[in-house]
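Next comes start_20.txt, with compact mmCIF, C-alpha atoms.
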```txt
# COMPACT_ATOMS: atom_id res chain seq x y z
CA MET A 1 12.69 -7.90 26.05
CA ILE A 2 11.43 -4.42 25.39
CA LEU A 3 8.20 -2.72 24.40
CA ALA A 4 8.14 -1.11 20.97
CA ARG A 5 5.71 0.17 18.39
CA VAL A 6 5.74 -1.03 14.80
CA ILE A 7 6.10 2.08 12.64
CA GLY A 8 6.02 0.69 9.10
CA ASN A 9 7.37 -2.09 6.97
CA VAL A 10 10.49 -2.84 4.97
CA VAL A 11 10.53 -4.40 1.50
CA ALA A 12 13.61 -6.32 0.37
CA THR A 13 13.97 -8.65 -2.60
CA VAL A 14 17.56 -9.79 -2.14
CA LYS A 15 17.85 -11.30 1.31
CA HIS A 16 19.65 -13.90 3.35
CA PRO A 17 17.90 -17.30 3.24
CA GLY A 18 17.29 -16.95 6.98
CA LEU A 19 14.95 -14.03 6.27
CA LEU A 20 12.94 -15.65 3.47
CA GLY A 21 9.21 -15.58 4.14
CA ARG A 22 9.61 -13.37 7.18
CA ALA A 23 8.41 -9.79 7.57
CA VAL A 24 11.01 -7.21 8.59
CA LEU A 25 9.50 -4.24 10.42
CA PRO A 26 10.98 -0.99 11.71
CA VAL A 27 10.13 -0.61 15.41
CA GLN A 28 10.36 2.37 17.76
CA PRO A 29 11.13 1.45 21.40
CA ILE A 30 8.60 2.98 23.82
CA ASP A 31 8.30 3.28 27.58
CA GLU A 32 5.39 1.99 29.69
CA ASP A 33 3.48 5.21 28.93
CA GLY A 34 3.80 4.71 25.18
CA GLN A 35 6.32 7.52 24.72
CA PRO A 36 9.29 6.96 22.35
CA ALA A 37 12.38 5.79 24.24
CA GLY A 38 15.54 5.47 22.18
CA GLU A 39 16.32 4.92 18.51
CA SER A 40 14.27 2.81 16.14
CA PHE A 41 15.67 -0.40 14.69
CA LEU A 42 14.64 -3.38 12.54
CA ALA A 43 12.94 -6.48 13.92
CA VAL A 44 11.62 -9.66 12.32
CA ASP A 45 7.97 -10.50 12.97
CA HIS A 46 7.01 -13.75 14.72
CA ALA A 47 3.64 -12.66 16.13
CA GLN A 48 1.55 -11.58 13.12
CA SER A 49 2.05 -7.94 14.07
CA GLY A 50 1.68 -4.94 11.80
CA PRO A 51 2.16 -1.17 11.67
CA GLY A 52 0.64 0.60 14.68
CA ASP A 53 0.86 -2.43 17.02
CA THR A 54 2.63 -2.29 20.36
CA VAL A 55 4.87 -5.34 20.52
CA ILE A 56 7.36 -7.21 22.68
CA VAL A 57 10.77 -7.47 21.03
CA LEU A 58 13.26 -10.16 21.99
CA ARG A 59 16.86 -9.01 21.41
CA GLU A 60 18.87 -12.06 22.28
CA GLY A 61 20.18 -14.16 19.40
CA ASN A 62 20.32 -17.52 21.18
CA GLY A 63 16.74 -17.22 22.41
CA ILE A 64 15.66 -16.29 18.88
CA ARG A 65 17.42 -19.29 17.36
CA GLN A 66 15.56 -21.54 19.79
CA VAL A 67 12.20 -19.88 19.03
CA LEU A 68 12.75 -20.25 15.27
CA ALA A 69 14.35 -23.71 15.64
CA ASP A 70 17.13 -22.54 13.29
CA ARG A 71 20.66 -22.91 14.63
CA LYS A 72 22.10 -20.69 11.88
CA SER A 73 19.61 -17.81 11.92
CA PRO A 74 21.24 -14.36 11.59
CA ILE A 75 18.20 -12.66 13.17
CA ARG A 76 19.00 -10.58 16.24
CA CYS A 77 15.70 -8.81 17.00
CA LEU A 78 12.41 -10.75 16.95
CA ILE A 79 8.84 -9.62 17.66
CA VAL A 80 7.50 -12.32 19.99
CA GLY A 81 4.19 -10.80 21.12
CA VAL A 82 1.55 -8.18 20.39
CA VAL A 83 0.72 -6.17 23.51
CA ASP A 84 -2.97 -5.61 24.32
CA ALA A 85 -2.46 -3.46 27.40
CA VAL A 86 0.20 -2.29 29.82
CA THR A 87 -1.20 -1.63 33.29
CA PRO A 88 1.10 0.20 35.68
CA ALA A 89 0.93 -1.04 39.28
CA ASP A 90 -0.30 1.27 42.01
CA PRO A 91 2.56 3.26 43.48
CA LEU A 92 4.05 1.75 46.63
CA PRO A 93 2.69 3.24 49.84
CA MET B 1 19.48 -4.95 13.38
CA PHE B 2 19.33 -1.63 11.59
CA LEU B 3 19.10 0.18 8.26
CA ALA B 4 22.30 1.50 6.69
CA ARG B 5 23.52 3.05 3.49
CA VAL B 6 26.56 1.52 1.76
CA ILE B 7 29.11 4.33 1.44
CA GLY B 8 32.17 2.50 0.15
CA THR B 9 34.15 -0.66 -0.29
CA VAL B 10 37.01 -2.01 1.80
CA VAL B 11 39.95 -3.92 0.37
CA ALA B 12 42.21 -5.91 2.68
CA THR B 13 44.87 -8.28 1.35
CA LYS B 14 46.21 -9.59 4.63
CA LYS B 15 43.35 -10.78 6.76
CA SER B 16 42.23 -13.42 9.20
CA GLU B 17 41.75 -16.82 7.55
CA GLY B 18 37.99 -16.87 8.09
CA LEU B 19 37.64 -13.60 6.19
CA GLN B 20 38.98 -15.01 2.91
CA GLY B 21 36.46 -14.44 0.11
CA ILE B 22 34.21 -12.24 2.24
CA ARG B 23 33.22 -8.87 0.74
CA LEU B 24 33.71 -5.91 3.08
CA LEU B 25 31.78 -2.64 2.76
CA MET B 26 31.64 0.58 4.74
CA VAL B 27 28.07 1.26 5.86
CA GLN B 28 26.59 4.35 7.48
CA PRO B 29 23.66 3.54 9.82
CA VAL B 30 20.59 5.61 8.89
CA GLY B 31 17.10 6.18 10.29
CA GLU B 32 13.88 5.43 8.38
CA ASP B 33 14.13 9.01 7.08
CA ASP B 34 17.55 8.15 5.56
CA ARG B 35 19.35 10.56 7.91
CA PRO B 36 22.81 9.37 9.08
CA ARG B 37 22.77 8.06 12.64
CA GLY B 38 26.01 7.47 14.52
CA LYS B 39 29.31 6.34 13.07
CA ALA B 40 29.98 4.33 9.92
CA VAL B 41 31.10 0.72 10.39
CA CYS B 42 32.78 -1.91 8.27
CA ALA B 43 30.33 -4.73 7.52
CA ALA B 44 30.72 -8.09 5.78
CA ASP B 45 28.34 -8.55 2.86
CA ALA B 46 26.18 -11.66 2.50
CA THR B 47 24.06 -10.30 -0.36
CA LEU B 48 26.13 -8.62 -3.15
CA ALA B 49 25.22 -5.08 -2.16
CA GLY B 50 27.09 -2.12 -3.65
CA PRO B 51 27.79 1.53 -2.87
CA GLY B 52 24.59 3.58 -2.63
CA ASP B 53 22.37 0.64 -1.64
CA LEU B 54 20.11 0.80 1.41
CA VAL B 55 20.76 -2.37 3.38
CA HIS B 56 19.66 -4.34 6.44
CA VAL B 57 22.56 -4.99 8.83
CA THR B 58 22.70 -7.50 11.66
CA GLU B 59 25.31 -7.28 14.41
CA SER B 60 27.29 -9.26 16.92
CA ARG B 61 27.29 -13.08 16.98
CA GLU B 62 24.39 -13.19 14.51
CA ALA B 63 26.55 -11.44 11.89
CA ALA B 64 28.91 -14.41 11.78
CA LEU B 65 25.91 -16.75 11.40
CA ALA B 66 25.00 -15.03 8.13
CA PHE B 67 27.89 -16.87 6.48
CA PRO B 68 28.46 -20.56 5.89
CA ASP B 69 30.93 -22.40 8.11
CA PRO B 70 33.76 -22.18 9.01
CA PHE B 71 33.53 -19.36 11.51
CA VAL B 72 33.75 -15.89 9.97
CA PRO B 73 35.13 -13.33 12.43
CA VAL B 74 32.78 -10.38 11.79
CA ASP B 75 30.47 -8.36 14.04
CA ALA B 76 28.35 -6.64 11.38
CA ALA B 77 26.84 -8.26 8.30
CA ILE B 78 24.58 -7.10 5.48
CA ILE B 79 21.73 -9.64 5.24
CA ALA B 80 19.31 -7.88 2.85
CA ILE B 81 19.18 -5.15 0.23
CA VAL B 82 16.21 -2.91 1.06
CA ASP B 83 14.02 -1.80 -1.85
CA GLN B 84 11.64 0.38 0.09
CA VAL B 85 10.71 1.46 3.62
CA HIS B 86 7.04 2.29 4.18
CA LEU B 87 6.23 4.38 7.22
CA GLU B 88 2.82 4.36 8.86
CA GLU B 89 1.43 7.82 9.61
CA ALA B 90 1.63 8.53 13.35
CA ALA B 91 -1.81 7.95 14.86
```
Now that the file is in, can you turn its structure into structure tokens?
Amino acid sequence: MILARVIGNVVATVKHPGLLGRAVLPVQPIDEDGQPAGESFLAVDHAQSGPGDTVIVLREGNGIRQVLADRKSPIRCLIVGVVDAVTPADPLP
Amino acid sequence: MFLARVIGTVVATKKSEGLQGIRLLMVQPVGEDDRPRGKAVCAADATLAGPGDLVHVTESREAALAFPDPFVPVDAAIIAIVDQVHLEEAA
């Protein structure tokens, strides 16, 4: 799972039945300091998230199919949590 | 999963059995700003997209799951035709 920030939303009328009723959001991966880390991609929302939120994105198809209880889901990236805070540990002595 | 622009069609007469009846399109991955990103790939179409369309592509094992059984041997599939991408202003 990775941290990412939701940067907008995507509107599609024609979509696979596995996406019906689900929000597709573009997300930008970020590091623990909130800085962009890597290229943005599309994720399906499963945590009531919206633009501006920092989220946890699950990128493992089998885990997603279990979460959604849909054995035929074509979803590969799923937002599974909205992050309130990331607190770095104190550096090791 | 990523955004891509359909840039062409692919015709193949001899193909693996599972690919019979599956539409194949060339897609160029793009960013939210519609700029090309990386190399174009051949994707199977589950939506009836056409050249010029902005589409939502899923990859890997999940691409095959976009199609009804039996197993379809693909690793990229178009699962939605995108009408619009709204970007939130950076805070």
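Counting only C-alpha atoms, the residue from B:Arg5, B:Arg35, B:Lys15, B:His56 that sits nearest to Leu19 (chain A) is B:His56.
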Starting from chain A, keep only residues with some atom at most 6 Å from an atom of chain B, counting only C-alpha atoms, and report them as a ChimeraX atom specification. /A:7-12,14-16,41-42,72,74
Take the selection from the previous step and output its residues with C-alpha atoms, as an mmCIF file, in the frame of the given file.
```
data_model
loop_
_atom_site.group_PDB
_atom_site.id
_atom_site.type_symbol
_atom_site.label_atom_id
_atom_site.label_comp_id
_atom_site.auth_asym_id
_atom_site.auth_seq_id
_atom_site.Cartn_x
_atom_site.Cartn_y
_atom_site.Cartn_z
ATOM 1 C CA ILE A 7 6.100 2.080 12.640
ATOM 2 C CA GLY A 8 6.020 0.690 9.100
ATOM 3 C CA ASN A 9 7.370 -2.090 6.970
ATOM 4 C CA VAL A 10 10.490 -2.840 4.970
ATOM 5 C CA VAL A 11 10.530 -4.400 1.500
ATOM 6 C CA ALA A 12 13.610 -6.320 0.370
ATOM 7 C CA VAL A 14 17.560 -9.790 -2.140
ATOM 8 C CA LYS A 15 17.850 -11.300 1.310
ATOM 9 C CA HIS A 16 19.650 -13.900 3.350
ATOM 10 C CA PHE A 41 15.670 -0.400 14.690
ATOM 11 C CA LEU A 42 14.640 -3.380 12.540
ATOM 12 C CA LYS A 72 22.100 -20.690 11.880
ATOM 13 C CA PRO A 74 21.240 -14.360 11.590
#
```
Can you tell me how far CA of Ala47 (chain A) sits from CA of Asp84 (chain A), in Å to one decimal? 12.7 Å
So how far away is CA of Pro17 (chain A) from CA of Leu78 (chain A), in Å? 16.2 Å
Neighbouring residues of Leu19 (chain B) were defined as those with any atom within 9 Å, considering all atoms listed in the file; residues of the same chain fewer than 4 positions away were excluded. Please report them as a list in words. Lys15, Arg23, Ala44, Phe71, Val72, Pro73 and Val74 of chain B
re CA of Val10 (chain B) and CA of Asp33 (chain B): distance 25.9 Å
As a ChimeraX atom specification, please: the residues near Ile30 (chain A) (cut-off 6 Å, all atoms listed in the file, same-chain neighbours under 4 positions excluded). /A:3-4,34-37
Distance query Ser73 (chain A) at most 7 Å, all atoms listed in the file, self and fewer than 3 positions along chain excluded, as number ranges by chain: A: 18, 65, 70; B: 65
Centre and edge lengths of an axis-aligned box around all listed atoms of region 7-16 of chain A, with 5 Å added on each side, are to be given in Å to one decimal, as lines of an AutoDock Vina configuration file.
```
center_x = 12.8
center_y = -5.9
center_z = 5.0
size_x = 23.6
size_y = 26.0
size_z = 25.2
```
List as a VMD selection string: which residues have an atom within 6 Å of (28.5, -1.7, 8.2), counting all atoms listed in the file? chain B and resid 26 to 27 41 to 43 76
Measuring atom to atom with all atoms listed in the file, identify which of A:Ala43, A:Ile64, A:Ala69, A:Val55 is nearest to Ala85 (chain A).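 Smallest separation from Ala85 (chain A) among the options: A:Val55.
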File output, region 53-70 of chain A (N, CA and C atoms) as a CSV table (one decimal), in the first residue's frame:
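Contents of the output file decode14.csv:
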```csv
chain,number,residue,atom,x,y,z
A,53,ASP,N,-7.6,15.0,-0.4
A,53,ASP,CA,-7.3,14.0,0.7
A,53,ASP,C,-6.0,13.3,0.5
A,54,THR,N,-5.4,13.0,1.6
A,54,THR,CA,-4.3,12.0,1.6
A,54,THR,C,-4.8,10.6,1.8
A,55,VAL,N,-4.5,9.7,1.0
A,55,VAL,CA,-5.2,8.4,1.1
A,55,VAL,C,-4.2,7.2,1.1
A,56,ILE,N,-4.7,6.1,1.5
A,56,ILE,CA,-3.9,4.8,1.4
A,56,ILE,C,-4.4,4.1,0.1
A,57,VAL,N,-3.5,3.7,-0.8
A,57,VAL,CA,-4.0,3.0,-2.0
A,57,VAL,C,-3.5,1.6,-2.0
A,58,LEU,N,-4.4,0.7,-2.1
A,58,LEU,CA,-4.0,-0.8,-2.2
A,58,LEU,C,-3.9,-1.1,-3.7
A,59,ARG,N,-2.7,-1.7,-4.1
A,59,ARG,CA,-2.5,-2.0,-5.5
A,59,ARG,C,-2.2,-3.5,-5.7
A,60,GLU,N,-3.1,-4.2,-5.2
A,60,GLU,CA,-3.0,-5.7,-5.3
A,60,GLU,C,-4.4,-6.3,-5.7
A,61,GLY,N,-4.5,-6.8,-6.9
A,61,GLY,CA,-5.8,-7.2,-7.4
A,61,GLY,C,-6.6,-8.2,-6.5
A,62,ASN,N,-5.9,-9.2,-6.0
A,62,ASN,CA,-6.5,-10.2,-5.2
A,62,ASN,C,-7.1,-9.6,-3.9
A,63,GLY,N,-6.3,-8.8,-3.3
A,63,GLY,CA,-6.8,-8.2,-2.0
A,63,GLY,C,-8.0,-7.3,-2.3
A,64,ILE,N,-8.0,-6.6,-3.5
A,64,ILE,CA,-9.1,-5.7,-3.8
A,64,ILE,C,-10.4,-6.6,-4.1
A,65,ARG,N,-10.2,-7.7,-4.8
A,65,ARG,CA,-11.4,-8.5,-5.0
A,65,ARG,C,-12.0,-9.1,-3.7
A,66,GLN,N,-11.1,-9.3,-2.7
A,66,GLN,CA,-11.7,-9.7,-1.5
A,66,GLN,C,-12.4,-8.6,-0.7
A,67,VAL,N,-11.8,-7.4,-0.8
A,67,VAL,CA,-12.4,-6.2,-0.1
A,67,VAL,C,-13.8,-6.0,-0.8
A,68,LEU,N,-13.9,-6.0,-2.1
A,68,LEU,CA,-15.1,-5.7,-2.8
A,68,LEU,C,-16.1,-6.9,-2.9
A,69,ALA,N,-15.6,-8.1,-2.4
A,69,ALA,CA,-16.4,-9.3,-2.5
A,69,ALA,C,-16.9,-9.5,-3.9
A,70,ASP,N,-16.0,-9.3,-4.9
A,70,ASP,CA,-16.3,-9.5,-6.3
A,70,ASP,C,-15.2,-10.2,-7.0
```
